[in-house]
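Asks: One file: data_9.cif (mmCIF, C-alpha atoms).
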data_work
loop_
_atom_site.label_atom_id
_atom_site.label_comp_id
_atom_site.auth_asym_id
_atom_site.auth_seq_id
_atom_site.Cartn_x
_atom_site.Cartn_y
_atom_site.Cartn_z
CA MET A 1 6.60 -9.99 -13.37
CA PHE A 2 9.43 -9.30 -10.90
CA LYS A 3 11.76 -11.78 -12.60
CA ASP A 4 12.67 -9.12 -15.17
CA PHE A 5 13.90 -6.77 -12.43
CA GLU A 6 15.97 -6.77 -9.28
CA LEU A 7 13.87 -6.53 -6.09
CA ILE A 8 15.77 -4.57 -3.44
CA ARG A 9 14.88 -3.64 0.10
CA LEU A 10 16.13 -0.08 0.48
CA GLU A 11 18.98 0.30 2.97
CA PRO A 12 20.83 3.50 3.95
CA GLU A 13 23.70 2.63 1.56
CA THR A 14 21.46 1.60 -1.38
CA GLU A 15 22.13 3.49 -4.59
CA VAL A 16 18.77 4.63 -5.91
CA LYS A 17 18.77 4.69 -9.70
CA PRO A 18 16.91 7.46 -11.55
CA PHE A 19 13.14 7.48 -11.10
CA ASN A 20 10.37 9.65 -12.53
CA CYS A 21 6.73 8.66 -12.25
CA GLY A 22 5.50 12.09 -13.27
CA ASP A 23 4.36 13.05 -9.76
CA SER A 24 6.84 15.20 -7.84
CA GLU A 25 5.40 14.18 -4.44
CA ILE A 26 5.89 10.46 -5.15
CA ASP A 27 9.30 11.05 -6.77
CA GLY A 28 10.38 13.29 -3.91
CA PHE A 29 9.60 10.75 -1.19
CA LEU A 30 11.95 8.21 -2.78
CA PHE A 31 14.89 10.61 -2.97
CA ASP A 32 14.24 12.85 0.04
CA ASP A 33 12.46 10.77 2.69
CA ALA A 34 12.62 7.00 2.13
CA LYS A 35 16.02 6.47 3.76
CA THR A 36 15.17 8.74 6.68
CA SER A 37 11.92 6.83 7.24
CA LEU A 38 13.90 3.59 7.25
CA ILE A 39 16.43 4.93 9.76
CA ASP A 40 13.61 6.29 11.94
CA LYS A 41 11.87 2.88 11.68
CA THR A 42 8.64 4.42 10.40
CA SER A 43 8.52 2.63 7.04
CA VAL A 44 10.35 0.17 4.81
CA THR A 45 10.78 0.81 1.08
CA TYR A 46 11.25 -1.69 -1.73
CA LEU A 47 12.65 -0.99 -5.19
CA LEU A 48 12.30 -2.74 -8.51
CA GLN A 49 15.29 -1.81 -10.62
CA ASN A 50 16.72 -2.74 -13.98
CA SER A 51 20.23 -1.87 -15.12
CA ASP A 52 19.30 1.77 -15.81
CA VAL A 53 16.44 3.00 -13.66
CA THR A 54 14.23 2.37 -10.67
CA VAL A 55 11.21 0.85 -12.41
CA ALA A 56 8.94 1.10 -9.35
CA TYR A 57 9.02 1.51 -5.61
CA TRP A 58 6.63 1.12 -2.72
CA ASN A 59 6.80 1.24 1.03
CA TYR A 60 5.04 -0.32 3.99
CA LEU A 61 4.23 1.01 7.42
CA ASN A 62 2.03 -0.19 10.24
CA ASP A 63 -1.54 1.01 10.39
CA LYS A 64 -4.90 0.20 11.90
CA ILE A 65 -8.49 0.80 11.05
CA GLN A 66 -10.09 2.29 14.12
CA TYR A 67 -13.73 2.01 15.01
CA ALA A 68 -13.72 5.80 15.58
CA GLN A 69 -12.62 6.37 11.96
CA LEU A 70 -15.77 4.67 10.77
CA ASN A 71 -18.20 7.08 12.41
CA ASN A 72 -20.24 4.05 13.39
CA GLU A 73 -20.63 2.97 9.76
CA LYS A 74 -22.47 -0.25 10.50
CA LYS A 75 -22.28 -1.51 6.90
CA TRP A 76 -18.49 -1.68 7.13
CA LEU A 77 -18.56 -3.32 10.52
CA GLU A 78 -21.12 -5.91 9.41
CA ARG A 79 -19.21 -6.67 6.21
CA VAL A 80 -15.77 -6.89 7.81
CA ALA A 81 -16.35 -8.02 11.37
CA GLY A 82 -18.11 -11.06 9.98
CA SER A 83 -14.81 -12.29 8.57
CA PHE A 84 -13.34 -12.58 12.07
CA THR A 85 -13.87 -15.65 14.23
CA LYS A 86 -15.39 -13.81 17.18
CA ASN A 87 -18.59 -11.82 17.07
CA THR A 88 -17.47 -8.86 19.17
CA PRO A 89 -16.18 -6.02 16.97
CA LEU A 90 -12.71 -4.83 17.88
CA ARG A 91 -11.98 -1.17 18.64
CA SER A 92 -9.28 -1.30 15.97
CA TYR A 93 -8.20 -3.74 13.29
CA PRO A 94 -4.49 -4.29 12.49
CA ALA A 95 -3.33 -3.31 9.01
CA VAL A 96 -0.26 -2.74 6.91
CA LYS A 97 -0.31 0.49 4.94
CA ILE A 98 1.13 1.05 1.51
CA GLY A 99 2.54 4.50 2.15
CA ARG A 100 3.74 5.21 -1.36
CA LEU A 101 3.62 3.29 -4.61
CA GLY A 102 5.11 4.71 -7.79
CA VAL A 103 5.85 3.28 -11.22
CA HIS A 104 8.35 4.95 -13.55
CA LYS A 105 6.48 6.75 -16.33
CA ASP A 106 8.16 4.57 -19.01
CA PHE A 107 6.78 1.41 -17.34
CA LYS A 108 3.19 2.46 -16.59
CA ARG A 109 0.26 0.42 -17.87
CA LYS A 110 2.35 -2.77 -18.03
CA GLY A 111 0.85 -4.48 -14.98
CA ILE A 112 3.60 -3.52 -12.55
CA GLY A 113 1.26 -1.79 -10.08
CA THR A 114 -1.01 -4.85 -10.02
CA ALA A 115 2.03 -7.13 -9.60
CA ILE A 116 3.15 -5.06 -6.59
CA LEU A 117 -0.32 -5.29 -5.03
CA ASP A 118 -0.42 -9.07 -5.64
CA TYR A 119 3.06 -9.38 -4.11
CA THR A 120 1.89 -7.38 -1.08
CA LYS A 121 -1.23 -9.49 -0.60
CA ASN A 122 0.82 -12.68 -0.79
CA LEU A 123 3.53 -11.30 1.50
CA PHE A 124 1.07 -10.57 4.29
CA VAL A 125 -1.08 -13.70 3.88
CA THR A 126 1.78 -16.20 3.63
CA ASN A 127 3.08 -16.66 7.16
CA ASN A 128 1.27 -13.40 8.08
CA ARG A 129 4.41 -11.42 8.90
CA THR A 130 2.87 -8.82 11.17
CA GLY A 131 -0.50 -10.15 12.30
CA CYS A 132 -2.48 -7.80 10.11
CA ALA A 133 -5.93 -8.36 8.68
CA PHE A 134 -5.99 -5.51 6.14
CA ILE A 135 -3.92 -3.59 3.66
CA THR A 136 -4.73 0.12 3.66
CA VAL A 137 -3.77 2.94 1.37
CA ASP A 138 -4.49 6.67 1.14
CA ALA A 139 -4.89 6.56 -2.63
CA PHE A 140 -4.57 9.71 -4.67
CA GLN A 141 -7.82 10.28 -6.57
CA LYS A 142 -6.06 9.58 -9.89
CA SER A 143 -4.88 6.17 -8.59
CA THR A 144 -8.09 4.83 -7.08
CA MET A 145 -8.94 2.84 -10.22
CA LEU A 146 -5.77 0.73 -9.80
CA TYR A 147 -6.78 -0.18 -6.28
CA GLU A 148 -10.44 -0.79 -7.21
CA LYS A 149 -9.34 -3.11 -10.01
CA ASN A 150 -7.31 -5.05 -7.44
CA GLY A 151 -10.11 -5.58 -4.94
CA PHE A 152 -9.63 -2.59 -2.64
CA LEU A 153 -12.75 -0.95 -1.24
CA TYR A 154 -13.39 2.52 0.15
CA LEU A 155 -13.41 2.70 3.93
CA SER A 156 -15.81 5.61 4.09
CA SER A 157 -17.59 8.14 1.93
CA GLN A 158 -16.40 11.04 4.09
CA ASP A 159 -13.30 11.65 1.92
CA LEU A 160 -15.11 11.85 -1.44
CA LYS A 161 -13.80 15.35 -2.14
CA SER A 162 -10.37 14.89 -0.57
CA LYS A 163 -7.05 14.71 -2.41
CA THR A 164 -6.79 11.07 -1.28
CA ARG A 165 -9.28 8.30 -0.52
CA LEU A 166 -8.76 5.81 2.29
CA MET A 167 -9.10 2.32 0.83
CA TYR A 168 -8.60 -1.14 2.26
CA TYR A 169 -8.19 -4.73 1.20
CA ASP A 170 -9.45 -7.50 3.50
CA LEU A 171 -6.72 -10.15 3.67
CA ASN A 172 -9.31 -12.57 5.08
CA SER A 173 -10.88 -12.60 1.62
CA ILE A 174 -7.94 -14.63 0.32
CA SER A 175 -8.46 -18.32 0.82
#
Using the file provided, produce a representation of the structure as structure tokens.

Replies:
Amino acid sequence: MFKDFELIRLEPETEVKPFNCGDSEIDGFLFDDAKTSLIDKTSVTYLLQNSDVTVAYWNYLNDKIQYAQLNNEKKWLERVAGSFTKNTPLRSYPAVKIGRLGVHKDFKRKGIGTAILDYTKNLFVTNNRTGCAFITVDAFQKSTMLYEKNGFLYLSSQDLKSKTRLMYYDLNSIS
């Protein structure tokens, strides 16, 4: 999928080509905050570009799933802690967060979002770059289906009526 586009890690001098995913918050982060977040070392952003536009972008930042976030949700602990080699649940589990993911409105429904999620899974399983066990995302309600389709699960039911839902993907599920 990426072979049709140029994959670029955003740097302070990177020229960002036009981008419009139809969501001003997602669009705005790319143009207003992505470079600042890079300089501040709080996230790293990647672009897929063709000769005319930014086709998609996403960014990564460090995260963790904390036991306290779970409100003692034993089902989650039983399901996930079992994938670790020791039986003692940790107080927190290391994760990489997808902070933003946007696809240009002219390129939606062409498998690009799924390709980005597959790329991310592979990136953090192959030579596990950061020692993380999970991918997390605060998915906007309108985007949860993309993540569900790609194997992400809901962390909790506490955010059912929120603007975003906290979802995770267990990297230990990839063999």

Asks: Rounded to one decimal, what separation in Å do you get between CA of Tyr46 (chain A) and CA of Leu7 (chain A)?

Replies: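 Going from CA of Tyr46 (chain A) over to CA of Leu7 (chain A), I get 7.0 Å.
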
Asks: So, counting all atoms listed in the file, which residue among A:Ser37, A:Thr120, A:Ser43, A:Asn20 is closest to Val103 (chain A)?

Replies: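 Smallest distance to Val103 (chain A) is found for A:Asn20.
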
Asks: Quick one: pull the distance between CA of Asp40 (chain A) and CA of Tyr60 (chain A), Å, one decimal.

Replies: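 Calculated distance between CA of Asp40 (chain A) and CA of Tyr60 (chain A) is 13.4 Å.
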
Asks: Please provide as a PyMOL selection string all residues within 10 Å of region 49-56 of chain A, with the sequence filter that same-chain residues fewer than 4 positions apart are discarded (counting only C-alpha atoms).

Replies: chain A and resi 2+4-8+16-21+101-108+112-113+116

Asks: On this structure, which residues satisfy the PyMOL selection byres ((chain A and resi 118) around 12), written as a list in words?

Replies: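 Taken on the displayed file, the PyMOL selection byres ((chain A and resi 118) around 12) yields the residues Met1, Phe2, Gly111, Ile112, Gly113, Thr114, Ala115, Ile116, Leu117, Tyr119, Thr120, Lys121, Asn122, Leu123, Phe124, Val125, Thr126, Ile135, Leu146, Tyr147, Lys149, Asn150, Gly151, Phe152, Tyr169, Leu171 and Ile174 of chain A.
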
Asks: Keeping only C-alpha atoms, take the residues you just selected and write them out as a PDB file, keeping the file's coordinate frame.

Replies:
ATOM      1  CA  MET A   1       6.600  -9.990 -13.370  1.00  0.00           C
ATOM      2  CA  PHE A   2       9.430  -9.300 -10.900  1.00  0.00           C
ATOM      3  CA  GLY A 111       0.850  -4.480 -14.980  1.00  0.00           C
ATOM      4  CA  ILE A 112       3.600  -3.520 -12.550  1.00  0.00           C
ATOM      5  CA  GLY A 113       1.260  -1.790 -10.080  1.00  0.00           C
ATOM      6  CA  THR A 114      -1.010  -4.850 -10.020  1.00  0.00           C
ATOM      7  CA  ALA A 115       2.030  -7.130  -9.600  1.00  0.00           C
ATOM      8  CA  ILE A 116       3.150  -5.060  -6.590  1.00  0.00           C
ATOM      9  CA  LEU A 117      -0.320  -5.290  -5.030  1.00  0.00           C
ATOM     10  CA  TYR A 119       3.060  -9.380  -4.110  1.00  0.00           C
ATOM     11  CA  THR A 120       1.890  -7.380  -1.080  1.00  0.00           C
ATOM     12  CA  LYS A 121      -1.230  -9.490  -0.600  1.00  0.00           C
ATOM     13  CA  ASN A 122       0.820 -12.680  -0.790  1.00  0.00           C
ATOM     14  CA  LEU A 123       3.530 -11.300   1.500  1.00  0.00           C
ATOM     15  CA  PHE A 124       1.070 -10.570   4.290  1.00  0.00           C
ATOM     16  CA  VAL A 125      -1.080 -13.700   3.880  1.00  0.00           C
ATOM     17  CA  THR A 126       1.780 -16.200   3.630  1.00  0.00           C
ATOM     18  CA  ILE A 135      -3.920  -3.590   3.660  1.00  0.00           C
ATOM     19  CA  LEU A 146      -5.770   0.730  -9.800  1.00  0.00           C
ATOM     20  CA  TYR A 147      -6.780  -0.180  -6.280  1.00  0.00           C
ATOM     21  CA  LYS A 149      -9.340  -3.110 -10.010  1.00  0.00           C
ATOM     22  CA  ASN A 150      -7.310  -5.050  -7.440  1.00  0.00           C
ATOM     23  CA  GLY A 151     -10.110  -5.580  -4.940  1.00  0.00           C
ATOM     24  CA  PHE A 152      -9.630  -2.590  -2.640  1.00  0.00           C
ATOM     25  CA  TYR A 169      -8.190  -4.730   1.200  1.00  0.00           C
ATOM     26  CA  LEU A 171      -6.720 -10.150   3.670  1.00  0.00           C
ATOM     27  CA  ILE A 174      -7.940 -14.630   0.320  1.00  0.00           C
TER      28      ILE A 174
END

Asks: Mind listing as a PDB file with C-alpha atoms, in the frame of the given file all residues within 8 Å of (12.0, -3.5, -0.7), counting all atoms listed in the file?

Replies:
ATOM      1  CA  LEU A   7      13.870  -6.530  -6.090  1.00  0.00           C
ATOM      2  CA  ILE A   8      15.770  -4.570  -3.440  1.00  0.00           C
ATOM      3  CA  ARG A   9      14.880  -3.640   0.100  1.00  0.00           C
ATOM      4  CA  LEU A  10      16.130  -0.080   0.480  1.00  0.00           C
ATOM      5  CA  VAL A  44      10.350   0.170   4.810  1.00  0.00           C
ATOM      6  CA  THR A  45      10.780   0.810   1.080  1.00  0.00           C
ATOM      7  CA  TYR A  46      11.250  -1.690  -1.730  1.00  0.00           C
ATOM      8  CA  LEU A  47      12.650  -0.990  -5.190  1.00  0.00           C
ATOM      9  CA  LEU A  48      12.300  -2.740  -8.510  1.00  0.00           C
ATOM     10  CA  TYR A  57       9.020   1.510  -5.610  1.00  0.00           C
ATOM     11  CA  TRP A  58       6.630   1.120  -2.720  1.00  0.00           C
ATOM     12  CA  ASN A  59       6.800   1.240   1.030  1.00  0.00           C
TER      13      ASN A  59
END

Asks: Name the residues in contact with region 62-65 of chain A at a cut-off of 6 Å, using all atoms listed in the file, excluding same-chain residues fewer than 5 positions from it; report them as a PyMOL selection string.

Replies: chain A and resi 92-97

Asks: Put a box with edges along x, y and z around all the listed atoms of region 139-150 of chain A, pad it by 6 Å on each side, then give me its centre and sizes in Å, one decimal, as JSON.

Replies:
{"center_x": -7.5, "center_y": 2.6, "center_z": -6.4, "size_x": 17.9, "size_y": 27.3, "size_z": 19.6}

Asks: Grab the CA of Asp27 (chain A) to CA of Lys3 (chain A) distance for me, in Å with one decimal place.

Replies: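 According to the coordinates, CA of Asp27 (chain A) and CA of Lys3 (chain A) are separated by 23.7 Å.
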